[in-house]
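S.K.: Below you'll find query-v8.cif; it's mmCIF, C-alpha atoms.
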data_structure
#
loop_
_atom_site.group_PDB
_atom_site.id
_atom_site.type_symbol
_atom_site.label_atom_id
_atom_site.label_comp_id
_atom_site.auth_asym_id
_atom_site.auth_seq_id
_atom_site.Cartn_x
_atom_site.Cartn_y
_atom_site.Cartn_z
ATOM 1 C CA MET A 1 126.550 105.410 116.158
ATOM 2 C CA ASN A 2 123.336 103.609 115.225
ATOM 3 C CA THR A 3 123.575 99.984 114.158
ATOM 4 C CA ILE A 4 120.244 98.641 112.938
ATOM 5 C CA ALA A 5 119.760 94.866 112.958
ATOM 6 C CA LEU A 6 117.179 93.412 110.595
ATOM 7 C CA CYS A 7 116.593 89.922 111.954
ATOM 8 C CA VAL A 8 114.792 87.483 109.670
ATOM 9 C CA GLY A 9 112.525 85.396 111.883
ATOM 10 C CA HIS A 10 112.661 81.604 111.726
ATOM 11 C CA SER A 11 116.301 81.667 110.654
ATOM 12 C CA ARG A 12 117.379 78.840 112.935
ATOM 13 C CA LEU A 13 119.193 76.296 110.795
ATOM 14 C CA ILE A 14 117.825 72.750 110.715
ATOM 15 C CA ASN A 15 119.819 70.323 108.579
ATOM 16 C CA GLY A 16 121.633 73.316 107.079
ATOM 17 C CA ARG A 17 118.446 75.146 106.023
ATOM 18 C CA PRO A 18 116.454 77.896 107.773
ATOM 19 C CA GLU A 19 113.473 76.593 109.739
ATOM 20 C CA GLY A 20 111.151 78.810 107.670
ATOM 21 C CA GLY A 21 108.209 79.469 109.988
ATOM 22 C CA ALA A 22 104.572 79.807 108.975
ATOM 23 C CA VAL A 23 103.517 79.097 105.406
ATOM 24 C CA SER A 24 101.279 81.319 103.287
ATOM 25 C CA HIS A 25 97.702 80.174 102.643
ATOM 26 C CA ASP A 26 98.602 79.197 99.077
ATOM 27 C CA GLY A 27 101.557 77.104 100.299
ATOM 28 C CA ARG A 28 104.059 78.925 98.083
ATOM 29 C CA SER A 29 106.076 80.860 100.646
ATOM 30 C CA ASN A 30 107.154 80.800 104.269
ATOM 31 C CA GLU A 31 108.194 83.570 106.637
ATOM 32 C CA TRP A 32 111.912 83.227 105.904
ATOM 33 C CA ASN A 33 111.456 83.198 102.106
ATOM 34 C CA TYR A 34 109.242 86.292 102.218
ATOM 35 C CA ASN A 35 111.193 88.250 104.820
ATOM 36 C CA LEU A 36 114.754 87.850 103.537
ATOM 37 C CA PRO A 37 114.016 89.920 100.381
ATOM 38 C CA LEU A 38 112.015 92.317 102.595
ATOM 39 C CA ALA A 39 115.094 92.793 104.803
ATOM 40 C CA VAL A 40 117.210 93.521 101.713
ATOM 41 C CA GLU A 41 114.717 96.217 100.631
ATOM 42 C CA ILE A 42 114.611 97.765 104.123
ATOM 43 C CA LYS A 43 118.420 97.812 104.257
ATOM 44 C CA ALA A 44 118.585 99.580 100.881
ATOM 45 C CA LEU A 45 116.197 102.253 102.175
ATOM 46 C CA LEU A 46 118.245 102.734 105.370
ATOM 47 C CA ASP A 47 121.698 102.743 103.757
ATOM 48 C CA GLY A 48 123.127 106.258 103.845
ATOM 49 C CA LYS A 49 120.564 107.348 106.441
ATOM 50 C CA VAL A 50 121.881 105.355 109.413
ATOM 51 C CA ASP A 51 125.427 104.487 110.368
ATOM 52 C CA ARG A 52 125.142 100.741 109.741
ATOM 53 C CA THR A 53 122.479 98.155 108.891
ATOM 54 C CA GLU A 54 123.022 94.426 109.322
ATOM 55 C CA ILE A 55 120.781 91.613 108.057
ATOM 56 C CA ILE A 56 120.863 88.532 110.264
ATOM 57 C CA SER A 57 119.306 85.594 108.439
ATOM 58 C CA GLU A 58 120.984 82.499 109.899
ATOM 59 C CA TYR A 59 120.651 81.962 113.647
ATOM 60 C CA GLN A 60 122.901 79.450 115.396
ATOM 61 C CA GLY A 61 121.536 77.011 117.988
ATOM 62 C CA GLY A 62 119.760 73.679 118.130
ATOM 63 C CA GLY A 63 116.431 74.936 119.497
ATOM 64 C CA TYR A 64 114.418 78.126 119.707
ATOM 65 C CA GLY A 65 115.833 79.159 123.090
ATOM 66 C CA SER A 66 119.451 78.551 122.157
ATOM 67 C CA ALA A 67 118.967 80.365 118.825
ATOM 68 C CA GLN A 68 117.529 83.386 120.648
ATOM 69 C CA ARG A 69 120.398 83.377 123.142
ATOM 70 C CA TRP A 70 122.870 83.217 120.235
ATOM 71 C CA LEU A 71 121.043 86.100 118.540
ATOM 72 C CA ALA A 72 121.121 88.227 121.712
ATOM 73 C CA LYS A 73 124.892 87.688 122.012
ATOM 74 C CA HIS A 74 125.392 88.377 118.308
ATOM 75 C CA LEU A 75 123.406 91.625 118.472
ATOM 76 C CA LYS A 76 125.554 92.732 121.413
ATOM 77 C CA SER A 77 128.768 91.776 119.592
ATOM 78 C CA ILE A 78 127.890 93.909 116.549
ATOM 79 C CA GLY A 79 126.839 96.828 118.739
ATOM 80 C CA ALA A 80 123.205 96.808 117.621
ATOM 81 C CA THR A 81 121.279 99.786 118.977
ATOM 82 C CA LEU A 82 117.963 98.675 117.483
ATOM 83 C CA ALA A 83 116.679 95.309 116.259
ATOM 84 C CA VAL A 84 113.512 94.355 114.438
ATOM 85 C CA GLU A 85 112.608 90.745 113.825
ATOM 86 C CA LEU A 86 110.608 90.245 110.635
ATOM 87 C CA HIS A 87 107.708 87.799 110.735
ATOM 88 C CA PHE A 88 104.152 87.445 109.501
ATOM 89 C CA ASN A 89 101.139 85.995 111.253
ATOM 90 C CA SER A 90 99.179 82.938 110.204
ATOM 91 C CA ALA A 91 95.979 81.638 111.768
ATOM 92 C CA SER A 92 92.499 81.164 110.310
ATOM 93 C CA SER A 93 91.570 82.635 106.948
ATOM 94 C CA ASP A 94 89.451 85.212 108.829
ATOM 95 C CA ALA A 95 92.370 86.634 110.845
ATOM 96 C CA THR A 96 93.707 89.840 109.335
ATOM 97 C CA GLY A 97 95.846 92.843 110.171
ATOM 98 C CA HIS A 98 99.236 94.103 111.253
ATOM 99 C CA GLU A 99 100.650 94.267 114.774
ATOM 100 C CA TRP A 100 103.895 95.323 116.402
ATOM 101 C CA LEU A 101 105.179 93.566 119.513
ATOM 102 C CA TYR A 102 107.442 95.018 122.212
ATOM 103 C CA TRP A 103 108.690 94.039 125.678
ATOM 104 C CA HIS A 104 106.140 95.283 128.216
ATOM 105 C CA SER A 105 108.589 97.318 130.311
ATOM 106 C CA SER A 106 110.550 98.851 127.424
ATOM 107 C CA GLY A 107 109.526 102.460 126.871
ATOM 108 C CA ASN A 108 111.790 102.679 123.841
ATOM 109 C CA GLY A 109 110.421 99.396 122.503
ATOM 110 C CA LYS A 110 106.908 100.816 122.806
ATOM 111 C CA LYS A 111 108.038 104.018 121.078
ATOM 112 C CA LEU A 112 109.591 102.044 118.173
ATOM 113 C CA ALA A 113 106.519 99.785 117.888
ATOM 114 C CA THR A 114 104.298 102.889 117.772
ATOM 115 C CA SER A 115 106.428 104.474 115.047
ATOM 116 C CA LEU A 116 106.372 101.288 112.948
ATOM 117 C CA HIS A 117 102.613 100.933 113.455
ATOM 118 C CA LEU A 118 101.850 104.531 112.461
ATOM 119 C CA ASN A 119 103.958 104.266 109.302
ATOM 120 C CA MET A 120 102.260 101.004 108.310
ATOM 121 C CA CYS A 121 98.849 102.650 108.798
ATOM 122 C CA LEU A 122 99.925 105.516 106.506
ATOM 123 C CA VAL A 123 101.546 103.408 103.815
ATOM 124 C CA LEU A 124 99.107 100.469 103.634
ATOM 125 C CA PRO A 125 95.754 101.476 105.145
ATOM 126 C CA GLN A 126 94.081 98.540 103.369
ATOM 127 C CA ILE A 127 95.625 96.161 105.930
ATOM 128 C CA ARG A 128 93.678 96.456 109.185
ATOM 129 C CA SER A 129 95.525 97.681 112.263
ATOM 130 C CA ARG A 130 95.673 95.367 115.270
ATOM 131 C CA GLY A 131 97.855 97.922 117.082
ATOM 132 C CA ILE A 132 100.932 97.567 119.228
ATOM 133 C CA LYS A 133 101.039 94.825 121.841
ATOM 134 C CA PRO A 134 103.199 94.351 124.923
ATOM 135 C CA LYS A 135 104.698 90.913 125.508
ATOM 136 C CA PHE A 136 105.511 89.289 128.833
ATOM 137 C CA SER A 137 107.662 86.396 130.000
ATOM 138 C CA GLY A 138 106.415 83.152 128.487
ATOM 139 C CA ASP A 139 104.630 84.836 125.559
ATOM 140 C CA ARG A 140 105.604 83.873 122.022
ATOM 141 C CA GLY A 141 108.477 86.130 120.978
ATOM 142 C CA SER A 142 109.340 87.141 124.522
ATOM 143 C CA GLU A 143 112.858 85.698 124.378
ATOM 144 C CA PHE A 144 113.767 87.951 121.455
ATOM 145 C CA LEU A 145 112.195 91.038 123.022
ATOM 146 C CA ALA A 146 113.549 90.551 126.545
ATOM 147 C CA GLY A 147 116.894 89.002 125.667
ATOM 148 C CA THR A 148 118.412 91.716 123.516
ATOM 149 C CA SER A 149 120.636 94.464 124.904
ATOM 150 C CA CYS A 150 119.079 96.942 122.446
ATOM 151 C CA VAL A 151 115.622 98.252 121.602
ATOM 152 C CA ALA A 152 113.694 95.414 119.946
ATOM 153 C CA VAL A 153 110.354 94.967 118.173
ATOM 154 C CA ILE A 154 108.747 92.037 116.376
ATOM 155 C CA CYS A 155 107.089 93.079 113.117
ATOM 156 C CA GLU A 156 103.919 91.220 112.065
ATOM 157 C CA PRO A 157 102.729 93.303 109.068
ATOM 158 C CA PHE A 158 99.983 90.934 107.818
ATOM 159 C CA PHE A 159 98.380 87.490 108.069
ATOM 160 C CA SER A 160 99.543 85.126 105.351
ATOM 161 C CA SER A 161 96.500 82.937 106.082
ATOM 162 C CA HIS A 162 94.156 85.758 104.993
ATOM 163 C CA PRO A 163 93.826 85.798 101.176
ATOM 164 C CA ALA A 164 93.515 89.608 100.885
ATOM 165 C CA ASP A 165 96.364 90.299 103.350
ATOM 166 C CA TRP A 166 98.584 87.832 101.480
ATOM 167 C CA ALA A 167 97.735 89.321 98.066
ATOM 168 C CA THR A 168 98.517 92.812 99.396
ATOM 169 C CA ALA A 169 101.770 91.619 100.989
ATOM 170 C CA GLN A 170 102.893 90.055 97.721
ATOM 171 C CA SER A 171 102.075 93.054 95.545
ATOM 172 C CA HIS A 172 103.186 95.680 98.091
ATOM 173 C CA ARG A 173 106.370 94.236 99.635
ATOM 174 C CA SER A 174 108.209 97.452 98.757
ATOM 175 C CA ASP A 175 105.547 99.469 100.587
ATOM 176 C CA ILE A 176 105.933 97.271 103.673
ATOM 177 C CA ALA A 177 109.705 97.806 103.453
ATOM 178 C CA ARG A 178 109.145 101.554 103.209
ATOM 179 C CA ALA A 179 106.789 101.560 106.214
ATOM 180 C CA ILE A 180 109.342 99.696 108.337
ATOM 181 C CA ALA A 181 112.309 101.803 107.186
ATOM 182 C CA GLU A 182 110.415 105.056 107.771
ATOM 183 C CA GLY A 183 109.219 103.790 111.129
ATOM 184 C CA ILE A 184 112.829 103.158 112.153
ATOM 185 C CA LEU A 185 113.978 106.535 110.868
ATOM 186 C CA ASP A 186 111.112 108.377 112.610
ATOM 187 C CA TYR A 187 112.001 106.602 115.857
ATOM 188 C CA LEU A 188 115.646 107.671 115.510
ATOM 189 C CA ASP A 189 114.750 111.365 114.890
#
In structure tokens, what does this structure look like?
M.R.:
Amino acid sequence: MNTIALCVGHSRLINGRPEGGAVSHDGRSNEWNYNLPLAVEIKALLDGKVDRTEIISEYQGGGYGSAQRWLAKHLKSIGATLAVELHFNSASSDATGHEWLYWHSSGNGKKLATSLHLNMCLVLPQIRSRGIKPKFSGDRGSEFLAGTSCVAVICEPFFSSHPADWATAQSHRSDIARAIAEGILDYLD
């Protein structure tokens, strides 16, 4: 039985509200606000094609480390076989592209990251590919990737700080959802 976990990054609750993460260049959205509806679209595309899909959008824990430890335990408790954490990048207005992060020693993580990457390249070629990237202990995102008992990938499908990436992400959220869902399904085949 395949249980797919769609984890909405920056879901750690602070004063009862999700932390939020990076903010888009126009200041109108953050990672959590963008990625929760994205997770709902991905789930709709996976329903009926996988055994079970769970959206996890509120992490427990006072800090990043404790929230990631809670998430790892939660994923194990629901029997997750695959987890993707939804994010977007933000840096300078020149930074652009999509990238897919996996734990350096996880062959299946690399395989899932490759599948997600290839589907994104097919569905939205206008967003530049930055490829798949291994992560190591101490790297940003490493606690999610190394701490889970299942295959895990961090999805970074665009830079919200890049005006063209952000415009594409806003007008093509359904395409991003399709790329991620098809990437998951291709990995499972």
S.K.: Quick one: pull the distance between atom CA of Ala181 of chain A and atom CA of Glu99 of chain A, Å, one decimal.
M.R.: 15.8 Å
S.K.: Could you tell me which of A:Leu86, A:Ile78, A:Leu188, A:Leu145 comes closest to Phe158 of chain A if we count all atoms listed in the file?
M.R.: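 With all atoms listed in the file as the atom set, the closest residue is A:Leu86.
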S.K.: Go through the shown structure with the PyMOL selection byres ((chain A and resi 88) around 7) and write out the matching residues as a PyMOL selection string.
M.R.: chain A and resi 31+87+89-90+156-160
S.K.: Those same residues - C-alpha atoms - I'd like them written as a PDB file, keeping the file's coordinate frame.
M.R.:
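So part_39.pdb came out as:
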ATOM      1  CA  GLU A  31     108.194  83.570 106.637  1.00  0.00           C
ATOM      2  CA  HIS A  87     107.708  87.799 110.735  1.00  0.00           C
ATOM      3  CA  ASN A  89     101.139  85.995 111.253  1.00  0.00           C
ATOM      4  CA  SER A  90      99.179  82.938 110.204  1.00  0.00           C
ATOM      5  CA  GLU A 156     103.919  91.220 112.065  1.00  0.00           C
ATOM      6  CA  PRO A 157     102.729  93.303 109.068  1.00  0.00           C
ATOM      7  CA  PHE A 158      99.983  90.934 107.818  1.00  0.00           C
ATOM      8  CA  PHE A 159      98.380  87.490 108.069  1.00  0.00           C
ATOM      9  CA  SER A 160      99.543  85.126 105.351  1.00  0.00           C
TER      10      SER A 160
END
S.K.: Atom CA of Gln60 of chain A and atom CA of Ser11 of chain A, how far apart in Å?
M.R.: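 These atoms are spaced 8.4 Å apart.
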S.K.: Please measure the separation of atom CA of Tyr64 of chain A and atom CA of Trp32 of chain A, giving the value in Å to one decimal.
M.R.: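 That distance, rounded to one decimal, is 14.9 Å.
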S.K.: Please work out which residues fall within 9 Å of (120.9, 82.4, 108.9), coordinates as given in the file, with only C-alpha atoms counting, and return them as a list in words.
M.R.: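 Collected hits near the coordinates: Val8, His10, Ser11, Arg12, Leu13, Arg17, Pro18, Ile56, Ser57, Glu58, Tyr59 and Gln60 of chain A.
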S.K.: For the point (109.6, 93.4, 116.4) in file coordinates, what residues are within 10 Å, counting all atoms listed in the file? Give the answer as a VMD selection string?
M.R.: chain A and resid 6 to 7 9 82 to 87 99 to 103 109 112 to 113 116 141 144 to 145 151 to 156
S.K.: What's around Leu45 of chain A at 8 Å? Count all atoms listed in the file, leave out sequence neighbours fewer than 3 positions away in its own chain, and write the answer as a ChimeraX atom specification.
M.R.: /A:41-42,49,177-178,181
S.K.: Could you expand the PyMOL selection byres ((chain A and resi 137) around 12) into the explicit residues it covers here, written as a JSON list (two decimals) with C-alpha atoms, in the coordinates of the input?
M.R.:
[["chain", "number", "residue", "atom", "x", "y", "z"],
["A", 102, "TYR", "CA", 107.44, 95.02, 122.21],
["A", 103, "TRP", "CA", 108.69, 94.04, 125.68],
["A", 104, "HIS", "CA", 106.14, 95.28, 128.22],
["A", 105, "SER", "CA", 108.59, 97.32, 130.31],
["A", 134, "PRO", "CA", 103.20, 94.35, 124.92],
["A", 135, "LYS", "CA", 104.70, 90.91, 125.51],
["A", 136, "PHE", "CA", 105.51, 89.29, 128.83],
["A", 138, "GLY", "CA", 106.42, 83.15, 128.49],
["A", 139, "ASP", "CA", 104.63, 84.84, 125.56],
["A", 140, "ARG", "CA", 105.60, 83.87, 122.02],
["A", 141, "GLY", "CA", 108.48, 86.13, 120.98],
["A", 142, "SER", "CA", 109.34, 87.14, 124.52],
["A", 143, "GLU", "CA", 112.86, 85.70, 124.38],
["A", 144, "PHE", "CA", 113.77, 87.95, 121.46],
["A", 145, "LEU", "CA", 112.20, 91.04, 123.02],
["A", 146, "ALA", "CA", 113.55, 90.55, 126.54],
["A", 147, "GLY", "CA", 116.89, 89.00, 125.67]]
S.K.: Might you pull out every residue within 8 Å of His117 of chain A, with all atoms listed in the file counted and same-chain residues fewer than 5 positions away left off, and present them as an MDAnalysis selection string?
M.R.: chainID A and resid 98:100 129 131:132 183
S.K.: Quick one: axis-aligned box around all listed atoms of segment 110-122 of chain A, 4 Å on every side, centre and edge lengths in Å to one decimal, written as lines of an AutoDock Vina configuration file.
M.R.:
center_x = 104.2
center_y = 102.7
center_z = 114.7
size_x = 18.7
size_y = 13.7
size_z = 24.3
S.K.: Exactly which residues make up the result of the PyMOL selection byres ((chain A and resi 172) around 12) on this file, given as a short mmCIF file (atom, residue, chain, number, x, y, z; two decimals) with C-alpha atoms, in the frame of the given file?
M.R.:
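Dumped everything to part-v6.cif:
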data_model
loop_
_atom_site.label_atom_id
_atom_site.label_comp_id
_atom_site.auth_asym_id
_atom_site.auth_seq_id
_atom_site.Cartn_x
_atom_site.Cartn_y
_atom_site.Cartn_z
CA TYR A 34 109.24 86.29 102.22
CA LEU A 38 112.02 92.32 102.60
CA GLU A 41 114.72 96.22 100.63
CA MET A 120 102.26 101.00 108.31
CA VAL A 123 101.55 103.41 103.82
CA LEU A 124 99.11 100.47 103.63
CA PRO A 125 95.75 101.48 105.14
CA GLN A 126 94.08 98.54 103.37
CA ILE A 127 95.62 96.16 105.93
CA PRO A 157 102.73 93.30 109.07
CA PHE A 158 99.98 90.93 107.82
CA ALA A 164 93.52 89.61 100.88
CA ASP A 165 96.36 90.30 103.35
CA TRP A 166 98.58 87.83 101.48
CA ALA A 167 97.74 89.32 98.07
CA THR A 168 98.52 92.81 99.40
CA ALA A 169 101.77 91.62 100.99
CA GLN A 170 102.89 90.06 97.72
CA SER A 171 102.08 93.05 95.54
CA ARG A 173 106.37 94.24 99.64
CA SER A 174 108.21 97.45 98.76
CA ASP A 175 105.55 99.47 100.59
CA ILE A 176 105.93 97.27 103.67
CA ALA A 177 109.70 97.81 103.45
CA ARG A 178 109.14 101.55 103.21
CA ALA A 179 106.79 101.56 106.21
#
S.K.: Measuring between all atoms listed in the file, which one of A:Cys121, A:Asn35, A:Leu71, A:Thr3 shows the shortest distance to Glu54 of chain A?
M.R.: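 Answer, going by the shortest atom-to-atom distance: A:Thr3.
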S.K.: Let me make sure I understand: among A:Thr148, A:Ile184, A:Lys43, A:Asp189, which one has the smallest atom-to-atom distance to Arg69 of chain A if we use only C-alpha atoms?
M.R.: A:Thr148
S.K.: Give the answer as one residue: which of A:Asn119, A:Ile4, A:Lys73, A:His162 has the shortest atom-to-atom distance to Ala39 of chain A, using only C-alpha atoms?
M.R.: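 Comparing A:Asn119, A:Ile4, A:Lys73, A:His162 against Ala39 of chain A, the winner is A:Ile4.
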S.K.: Calculated over all atoms listed in the file, which of the candidates A:Asn30, A:Thr53, A:Thr114, A:Gln68 has the smallest distance to Met1 of chain A?
M.R.: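 Counting all atoms listed in the file, the residue closest to Met1 of chain A is A:Thr53.
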